[in-house]
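A quick write-up on the structure given underneath.
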There are 2 protein chains.
Amino acid sequence: MAVTKIKNMEEFAAVSGLSRPTVSKYFNDPNSVRPSTRARIEAALEEHDYRPNIYAINQNRRLTKNIGIVVPYLADPFFAEIGRNVEQRCLDAGFHPTVYSSHGDPELEAEILESLRSLKPTGVLLAPLGRSSDRAAIEKFCKDVPTVLFDSALPGLGLTFVGSDNPQFARMIVDYLCRSGQPPCFFEMKTPANPNANRRRQGYITAMERLGHEPRIVQAEGEGWQFEEIGRKEGARALSAGEFTTNTVLCSNDRLAIGFLSACYEMGLRVGRDESAAIRVAGQDDHPFSRYTCPPLTTLAQDYDAISRSAVENLLSIVESGEKSENAILFEGRLIMRDSA
Amino acid sequence: MAVTKIKNMEEFAAVSGLSRPTVSKYFNDPNSVRPSTRARIEAALEEHDYRPNIYAINQNRRLTKNIGIVVPYLADPFFAEIGRNVEQRCLDAGFHPTVYSSHGDPELEAEILESLRSLKPTGVLLAPLGRSSDRAAIEKFCKDVPTVLFDSALPGLGLTFVGSDNPQFARMIVDYLCRSGQPPCFFEMKTPANPNANRRRQGYITAMERLGHEPRIVQAEGEGWQFEEIGRKEGARALSAGEFTTNTVLCSNDRLAIGFLSACYEMGLRVGRDESAAIRVAGQDDHPFSRYTCPPLTTLAQDYDAISRSAVENLLSIVESGEKSENAILFEGRLIMRDSA
DNA sequence: ATTAAAACTTATCGCGCGTAAAAATTTTGT
DNA sequence: ACAAAATTTTTACGCGCGATAAGTTTTAAT
């Protein structure tokens, strides 16, 4: 351990027997110095656990190694999971990621971007709130900081968008549901927080029409990010009112489905795909909890891995080599067959 | 909008017709300058949207306004929720909180603390991994940075610990379960990630003995933070093996209970507190999803609000006025009666 | 109106590191 | 072994702001 406290790079350079500029070079890129000197520095590092002052470093670099990751709602395990995934990839690439949550609040989203700006990040990975986002604020931010959007697109903004192919999602699961039973009704929020919802609805309608079925959309009132509660309350209301015209319900997302399953339970409706069941329920996203609902939820899995990998790769390739790729990169969903439909 | 780009405080002081030290004083504390000059600065701020360089600021302050918040597993909505709560309170107090997740990994936890150290934070709010934490690393960190532990205690470490009164939890829910039906068996992980589990087990045993019942503990194999999966798999095994000696199961926490409910469903056991039900299940924590299980989970709610408030208040009072409070502050749980028990 | 206190200005230093240019040294290829 | 190439050292400046001391102006109090 350090017997003498090292307080700055000057002192550290002294104990390692080198000059400060050389040590500085090492910290910017360990491979930029001769292997023998690199070894000397790393040996000294073992002895004295010195770390360059991060504030002094970033004051003089016009571009830091920071990467901002902003998700709309971190208490949603879906975003927690994809945030973690993205974070890890940035870390592996040698950057300093920080995860922020907008907590469903457009003002907070704008504030996060503002304070992110003063961190002078290399780039930002932003999953915007969507419909309620302050578009002007985000547009202004994207002008100054290389930003890749993911999960939810804001047309025309950001370097690229990486997300799921929502029409494909709807097509795939509608096909499955029609093949295996009655054609589904579509259950969604009337004023969805997320623009993906609109694409999913449209995908549902198209898929139904292609198969010669009448689309049937049931909408839930309510604002905000308490999807489960909205799904439960409005699901119960719609069930009572007989708004569902078939015994199959496709929910716009898993969290809504989780609430809807709760409503079915309260009303004594047995959910499942076997003979004795009264209703079939399917979701979309493969939310981490959908495996543990009763019954387990049949859903369409987003390709978390591909989305996070592609988002990070795109951002880094843009900031490092300047090469911009397509405007949108979409990944297909995978049908997860469980017992609810 | 800025017609002339302001690049530093010198220039900003010029356009606001003041000297740099005065402007500097303003940014450190807006109330430290005369109201009239404050108005002039804020007027100029409207015109030129200048923000002091955060790196230059923090380089010269020995203490920044940063506060680190570290939770063990952010994909767990419980921690996401309490993290958000704590974050908001720090923000309201005029600090710059950042939330980090250890992702269940002790090495990552230690790394986060290391990098946190170089951020020179005013203080840190740490919910440690617990049993698997690198105790030496945390101890070393606590020596240098004012740290308040919450959720999970590490005896002897940190300025204070703020959390739940786990023995009281067990006593309260055991009392309720015994009053309303058969005495509960206790379902827990054999090697729990979190030391609270041990206190809960002990609380269960004490509460049962006080009522003259034989404690009965059923343990689940498995490591890590995939509690639902462990609860489901091991719950099914224990049910098949007839390890539960009564029709009532108290789970060590809600996530385990959610998995256990899933196992009950798979085995065709109707869960609930009415005549027709085969088994009663209760949890502990009031996990955000426990309202939406089927049936909704009866549980003991942690006082999120009191815990987060107390943790932040304690940290700030220590760093601001130096006054240290008790070693541990514990809050009682509130029984949430739903349909599962 | 007088005076002390409060607020501001001017001037100057230091923080820890990035960065650049020129000189000195070491390594590499042949 | 020798020149060329690569690396390191020396020297020096700048970044944007915190902090301090001494002098000047404004405000508040009697």
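The way I read the labels, and the way they are meant: chains A, B, ... in the order of the structure tokens, residue 1 as the first residue of every chain, and ligand 1 as the first ligand shown, with later ones counted on from there.
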
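Distance criterion 6 Å to chain B, applied with only C-alpha atoms, yields Tyr55, Gln59, Ala75, Pro77, Ala80, Glu81, Ser262 and Tyr292 of chain A on chain A.
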
Those residues you just picked out, can you put them in a file as a JSON list (two decimals), in the first residue's frame with C-alpha atoms?
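Below you can see selection.json, which holds the result:
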[["chain", "number", "residue", "atom", "x", "y", "z"],
["A", 55, "TYR", "CA", -12.28, 16.69, -13.19],
["A", 59, "GLN", "CA", -11.63, 20.07, -18.18],
["A", 75, "ALA", "CA", -38.82, 1.27, -12.31],
["A", 77, "PRO", "CA", -37.89, -3.83, -15.27],
["A", 80, "ALA", "CA", -33.86, -1.53, -16.15],
["A", 81, "GLU", "CA", -32.80, -4.59, -18.05],
["A", 262, "SER", "CA", -55.29, -9.44, -12.64],
["A", 292, "TYR", "CA", -44.29, -15.60, -13.51]]

Could you pull the residues within 12 Å of D:DT20, counting only C-alpha atoms (C1' of nucleotides), minus those fewer than 4 positions along the same chain, as a VMD selection string?
(chain B and resid 21) or (chain C and resid 11 to 14)

For the helix (DSSP H, G or I) assignment from backbone DSSP, which residues of stretch 135-305 of chain A qualify? Please present them as JSON, numbers by chain.
{"A": [135, 136, 137, 138, 139, 140, 141, 142, 143, 144, 166, 167, 168, 169, 170, 171, 172, 173, 174, 175, 176, 177, 178, 179, 180, 196, 197, 198, 199, 200, 201, 202, 203, 204, 205, 206, 207, 208, 209, 210, 227, 228, 229, 230, 231, 232, 233, 234, 235, 236, 237, 238, 239, 240, 254, 255, 256, 257, 258, 259, 260, 261, 262, 263, 264, 265, 266, 290, 291, 292, 304, 305]}

Dump of C-alpha atoms for the selected residues, as a PDB file, in the first residue's frame:
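Generated file (selection32.pdb):
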ATOM      1  CA  ARG A 135     -39.409  17.534 -28.967  1.00  0.00           C
ATOM      2  CA  ALA A 136     -37.787  20.943 -29.309  1.00  0.00           C
ATOM      3  CA  ALA A 137     -35.516  20.321 -26.337  1.00  0.00           C
ATOM      4  CA  ILE A 138     -34.444  16.951 -27.680  1.00  0.00           C
ATOM      5  CA  GLU A 139     -33.890  18.331 -31.155  1.00  0.00           C
ATOM      6  CA  LYS A 140     -31.673  21.066 -29.753  1.00  0.00           C
ATOM      7  CA  PHE A 141     -29.728  18.522 -27.741  1.00  0.00           C
ATOM      8  CA  CYS A 142     -29.221  16.207 -30.698  1.00  0.00           C
ATOM      9  CA  LYS A 143     -27.718  19.096 -32.641  1.00  0.00           C
ATOM     10  CA  ASP A 144     -24.926  19.425 -30.087  1.00  0.00           C
ATOM     11  CA  ASN A 166     -43.523  -3.257 -34.297  1.00  0.00           C
ATOM     12  CA  PRO A 167     -45.649  -4.085 -37.342  1.00  0.00           C
ATOM     13  CA  GLN A 168     -43.836  -7.418 -37.555  1.00  0.00           C
ATOM     14  CA  PHE A 169     -44.581  -8.010 -33.881  1.00  0.00           C
ATOM     15  CA  ALA A 170     -48.279  -7.585 -34.387  1.00  0.00           C
ATOM     16  CA  ARG A 171     -48.330  -9.634 -37.566  1.00  0.00           C
ATOM     17  CA  MET A 172     -46.530 -12.537 -35.985  1.00  0.00           C
ATOM     18  CA  ILE A 173     -48.625 -12.796 -32.874  1.00  0.00           C
ATOM     19  CA  VAL A 174     -51.902 -12.137 -34.676  1.00  0.00           C
ATOM     20  CA  ASP A 175     -51.063 -14.943 -37.073  1.00  0.00           C
ATOM     21  CA  TYR A 176     -50.372 -17.269 -34.187  1.00  0.00           C
ATOM     22  CA  LEU A 177     -53.515 -16.349 -32.286  1.00  0.00           C
ATOM     23  CA  CYS A 178     -55.748 -16.723 -35.338  1.00  0.00           C
ATOM     24  CA  ARG A 179     -54.170 -20.056 -36.208  1.00  0.00           C
ATOM     25  CA  SER A 180     -54.736 -21.426 -32.723  1.00  0.00           C
ATOM     26  CA  ASN A 196     -44.610   2.231 -30.402  1.00  0.00           C
ATOM     27  CA  ALA A 197     -48.166   1.624 -29.299  1.00  0.00           C
ATOM     28  CA  ASN A 198     -49.492   3.348 -32.391  1.00  0.00           C
ATOM     29  CA  ARG A 199     -47.385   1.182 -34.669  1.00  0.00           C
ATOM     30  CA  ARG A 200     -48.517  -1.889 -32.849  1.00  0.00           C
ATOM     31  CA  ARG A 201     -52.149  -0.948 -33.234  1.00  0.00           C
ATOM     32  CA  GLN A 202     -51.635  -0.301 -36.920  1.00  0.00           C
ATOM     33  CA  GLY A 203     -49.787  -3.575 -37.267  1.00  0.00           C
ATOM     34  CA  TYR A 204     -52.660  -5.371 -35.579  1.00  0.00           C
ATOM     35  CA  ILE A 205     -55.215  -3.832 -37.919  1.00  0.00           C
ATOM     36  CA  THR A 206     -53.190  -4.684 -41.005  1.00  0.00           C
ATOM     37  CA  ALA A 207     -52.561  -8.233 -39.851  1.00  0.00           C
ATOM     38  CA  MET A 208     -56.213  -8.823 -39.079  1.00  0.00           C
ATOM     39  CA  GLU A 209     -57.375  -7.439 -42.394  1.00  0.00           C
ATOM     40  CA  ARG A 210     -54.880  -9.537 -44.272  1.00  0.00           C
ATOM     41  CA  PHE A 227     -49.717   0.455 -16.892  1.00  0.00           C
ATOM     42  CA  GLU A 228     -50.603  -2.472 -14.639  1.00  0.00           C
ATOM     43  CA  GLU A 229     -53.168  -0.442 -12.740  1.00  0.00           C
ATOM     44  CA  ILE A 230     -54.655   0.905 -15.952  1.00  0.00           C
ATOM     45  CA  GLY A 231     -54.787  -2.581 -17.430  1.00  0.00           C
ATOM     46  CA  ARG A 232     -56.497  -3.952 -14.351  1.00  0.00           C
ATOM     47  CA  LYS A 233     -59.053  -1.220 -13.863  1.00  0.00           C
ATOM     48  CA  GLU A 234     -59.946  -0.633 -17.472  1.00  0.00           C
ATOM     49  CA  GLY A 235     -59.679  -4.305 -18.293  1.00  0.00           C
ATOM     50  CA  ALA A 236     -62.301  -5.059 -15.666  1.00  0.00           C
ATOM     51  CA  ARG A 237     -64.513  -2.311 -16.990  1.00  0.00           C
ATOM     52  CA  ALA A 238     -64.227  -3.488 -20.580  1.00  0.00           C
ATOM     53  CA  LEU A 239     -64.866  -7.090 -19.595  1.00  0.00           C
ATOM     54  CA  SER A 240     -67.992  -6.102 -17.667  1.00  0.00           C
ATOM     55  CA  ASP A 254     -46.871  -6.980 -21.207  1.00  0.00           C
ATOM     56  CA  ARG A 255     -47.402  -4.578 -18.335  1.00  0.00           C
ATOM     57  CA  LEU A 256     -50.898  -3.867 -19.567  1.00  0.00           C
ATOM     58  CA  ALA A 257     -51.382  -7.612 -19.915  1.00  0.00           C
ATOM     59  CA  ILE A 258     -50.227  -8.200 -16.349  1.00  0.00           C
ATOM     60  CA  GLY A 259     -52.894  -5.787 -15.138  1.00  0.00           C
ATOM     61  CA  PHE A 260     -55.440  -7.366 -17.428  1.00  0.00           C
ATOM     62  CA  LEU A 261     -54.655 -10.843 -16.073  1.00  0.00           C
ATOM     63  CA  SER A 262     -55.287  -9.439 -12.635  1.00  0.00           C
ATOM     64  CA  ALA A 263     -58.688  -8.189 -13.790  1.00  0.00           C
ATOM     65  CA  CYS A 264     -59.515 -11.598 -15.266  1.00  0.00           C
ATOM     66  CA  TYR A 265     -58.637 -13.231 -11.971  1.00  0.00           C
ATOM     67  CA  GLU A 266     -60.817 -10.835 -10.016  1.00  0.00           C
ATOM     68  CA  SER A 290     -44.255 -12.259 -17.662  1.00  0.00           C
ATOM     69  CA  ARG A 291     -42.783 -15.675 -16.998  1.00  0.00           C
ATOM     70  CA  TYR A 292     -44.291 -15.600 -13.509  1.00  0.00           C
ATOM     71  CA  TYR A 304     -32.958  -6.919 -25.951  1.00  0.00           C
ATOM     72  CA  ASP A 305     -29.553  -8.141 -26.827  1.00  0.00           C
TER      73      ASP A 305
END

- Task: Might you pull out every residue within 10 Å of C:DA24, with only C-alpha atoms (C1' of nucleotides) counted and same-chain residues fewer than 5 positions away left off, and present them as a PyMOL selection string?
- Result: chain D and resi 8-10

Okay, now the selection with N, CA and C atoms (P, O5', C5', C4', C3', O3' and C1' of nucleotides), as a PDB file, in the first residue's frame?
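Done, and the output landed in part00.pdb:
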ATOM      1  P    DT D   8       7.808   5.748 -24.341  1.00  0.00           P
ATOM      2  O5'  DT D   8       8.756   6.892 -23.766  1.00  0.00           O
ATOM      3  C5'  DT D   8      10.083   6.584 -23.390  1.00  0.00           C
ATOM      4  C4'  DT D   8      10.834   7.849 -23.042  1.00  0.00           C
ATOM      5  C3'  DT D   8      10.171   8.714 -21.960  1.00  0.00           C
ATOM      6  O3'  DT D   8      11.073   8.878 -20.882  1.00  0.00           O
ATOM      7  C1'  DT D   8      10.838  10.033 -23.824  1.00  0.00           C
ATOM      8  P    DT D   9      10.695   9.807 -19.659  1.00  0.00           P
ATOM      9  O5'  DT D   9      11.418  11.176 -20.037  1.00  0.00           O
ATOM     10  C5'  DT D   9      12.826  11.231 -20.119  1.00  0.00           C
ATOM     11  C4'  DT D   9      13.269  12.665 -20.359  1.00  0.00           C
ATOM     12  C3'  DT D   9      12.814  13.670 -19.310  1.00  0.00           C
ATOM     13  O3'  DT D   9      13.941  14.417 -18.871  1.00  0.00           O
ATOM     14  C1'  DT D   9      12.210  14.419 -21.478  1.00  0.00           C
ATOM     15  P    DT D  10      13.817  15.319 -17.585  1.00  0.00           P
ATOM     16  O5'  DT D  10      13.793  16.792 -18.211  1.00  0.00           O
ATOM     17  C5'  DT D  10      14.475  17.033 -19.425  1.00  0.00           C
ATOM     18  C4'  DT D  10      14.132  18.408 -19.980  1.00  0.00           C
ATOM     19  C3'  DT D  10      13.600  19.437 -18.987  1.00  0.00           C
ATOM     20  O3'  DT D  10      14.363  20.617 -19.104  1.00  0.00           O
ATOM     21  C1'  DT D  10      12.163  19.290 -20.872  1.00  0.00           C
TER      22       DT D  10
END

Check your understanding: Do you know which residues are at most 12 Å from C:DA20 counting only C-alpha atoms (C1' of nucleotides), after dropping those on the same chain fewer than 5 positions away, and could you put them as a PyMOL selection string?
Key -> (chain A and resi 21) or (chain D and resi 11-14)

* To do: Would you list the contacts of stretch 44-50 of chain A as a PyMOL selection string, taking every protein, DNA or RNA residue within 12 Å and counting only C-alpha atoms (C1' of nucleotides), but skipping same-chain residues closer than 3 positions in sequence?
  => (chain A and resi 1-18+23+26-27+37-41+53-54) or (chain B and resi 114+117-118)

For chain C, report every residue with an atom at most 10 Å from chain B (counting only C-alpha atoms (C1' of nucleotides)), formatted as a PyMOL selection string. chain C and resi 6-10+14-16

request  = Could you tell me, as an NGL selection string, which residues of stretch 172-277 of chain A DSSP assigns to strand (DSSP E) when given the backbone?
outcome  = :A and (185-189 or 217-220 or 248-251)

Since we have the selection now, will you write its residues out, keeping C-alpha atoms, as a tab-separated table (two decimals), in the first residue's frame?
chain	number	residue	atom	x	y	z
A	185	CYS	CA	-59.21	-8.16	-29.91
A	186	PHE	CA	-56.56	-5.50	-29.28
A	187	PHE	CA	-56.33	-3.94	-25.82
A	188	GLU	CA	-54.38	-0.73	-25.51
A	189	MET	CA	-54.21	2.63	-23.81
A	217	ILE	CA	-59.81	-2.35	-30.61
A	218	VAL	CA	-60.60	-1.81	-26.95
A	219	GLN	CA	-59.11	1.26	-25.38
A	220	ALA	CA	-58.22	1.98	-21.77
A	248	THR	CA	-58.82	-13.68	-27.21
A	249	VAL	CA	-57.15	-10.47	-26.09
A	250	LEU	CA	-53.86	-9.18	-27.46
A	251	CYS	CA	-52.45	-6.50	-25.19

Expressed in Å, the length from atom CA of A:Pro215 to atom CA of A:Phe244 is 11.1 Å

Give me, as JSON lines, each residue of chain D that comes within 9 Å of chain B, together with its shortest interatomic pair and the distance in Å at one decimal, counting only C-alpha atoms (C1' of nucleotides), with rows ordered by chain and rising residue number.
{"residue": "D:DC15", "atom": "C1'", "partner": "B:Ala56", "partner_atom": "CA", "distance": 8.3}
{"residue": "D:DG16", "atom": "C1'", "partner": "B:Ala56", "partner_atom": "CA", "distance": 5.3}
{"residue": "D:DC17", "atom": "C1'", "partner": "B:Ala56", "partner_atom": "CA", "distance": 5.3}
{"residue": "D:DG18", "atom": "C1'", "partner": "B:Asn60", "partner_atom": "CA", "distance": 5.4}
{"residue": "D:DA19", "atom": "C1'", "partner": "B:Asn60", "partner_atom": "CA", "distance": 8.9}

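Our summary of the geometry notes that atom C1' of C:DA4 is positioned 16.5 Å from atom C1' of D:DG23.
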
With a distance cut-off of 9 Å and only C-alpha atoms (C1' of nucleotides), select the neighbouring residues of B:Ile329, excluding the residue or stretch itself and same-chain residues fewer than 6 positions from it, and output the selection as a list of chain:residue names.
B:Thr160, B:Phe161, B:Val162, B:Gly163, B:Ser164, B:Asp165, B:Ile307, B:Ser310, B:Ala311

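By only C-alpha atoms (C1' of nucleotides), and with residues fewer than 4 positions from A:Gly68 along its chain excluded, the set lying at most 7 Å from it is Pro97, Thr98, Val99, Leu116, Pro121, Gly123, Val124 and Leu125 of chain A.
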
Selection export as a tab-separated table (two decimals), in the first residue's frame, atoms kept: N, CA and C atoms:
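Saved file again-v6.tsv follows:
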chain	number	residue	atom	x	y	z
A	97	PRO	N	-20.23	4.97	-18.76
A	97	PRO	CA	-21.66	5.19	-18.92
A	97	PRO	C	-22.32	5.60	-17.61
A	98	THR	N	-23.37	6.37	-17.71
A	98	THR	CA	-24.20	6.68	-16.55
A	98	THR	C	-25.65	6.57	-16.98
A	99	VAL	N	-26.43	5.88	-16.17
A	99	VAL	CA	-27.83	5.65	-16.51
A	99	VAL	C	-28.72	6.66	-15.80
A	116	LEU	N	-26.71	16.74	-18.85
A	116	LEU	CA	-25.84	15.85	-19.60
A	116	LEU	C	-24.95	16.65	-20.53
A	121	PRO	N	-20.47	14.72	-22.89
A	121	PRO	CA	-20.31	13.30	-23.19
A	121	PRO	C	-19.92	13.05	-24.64
A	123	GLY	N	-21.14	10.69	-26.35
A	123	GLY	CA	-22.40	10.41	-27.02
A	123	GLY	C	-23.47	10.06	-26.02
A	124	VAL	N	-24.69	9.99	-26.51
A	124	VAL	CA	-25.82	9.69	-25.63
A	124	VAL	C	-26.72	8.66	-26.29
A	125	LEU	N	-27.16	7.72	-25.47
A	125	LEU	CA	-28.14	6.74	-25.92
A	125	LEU	C	-29.45	7.07	-25.23
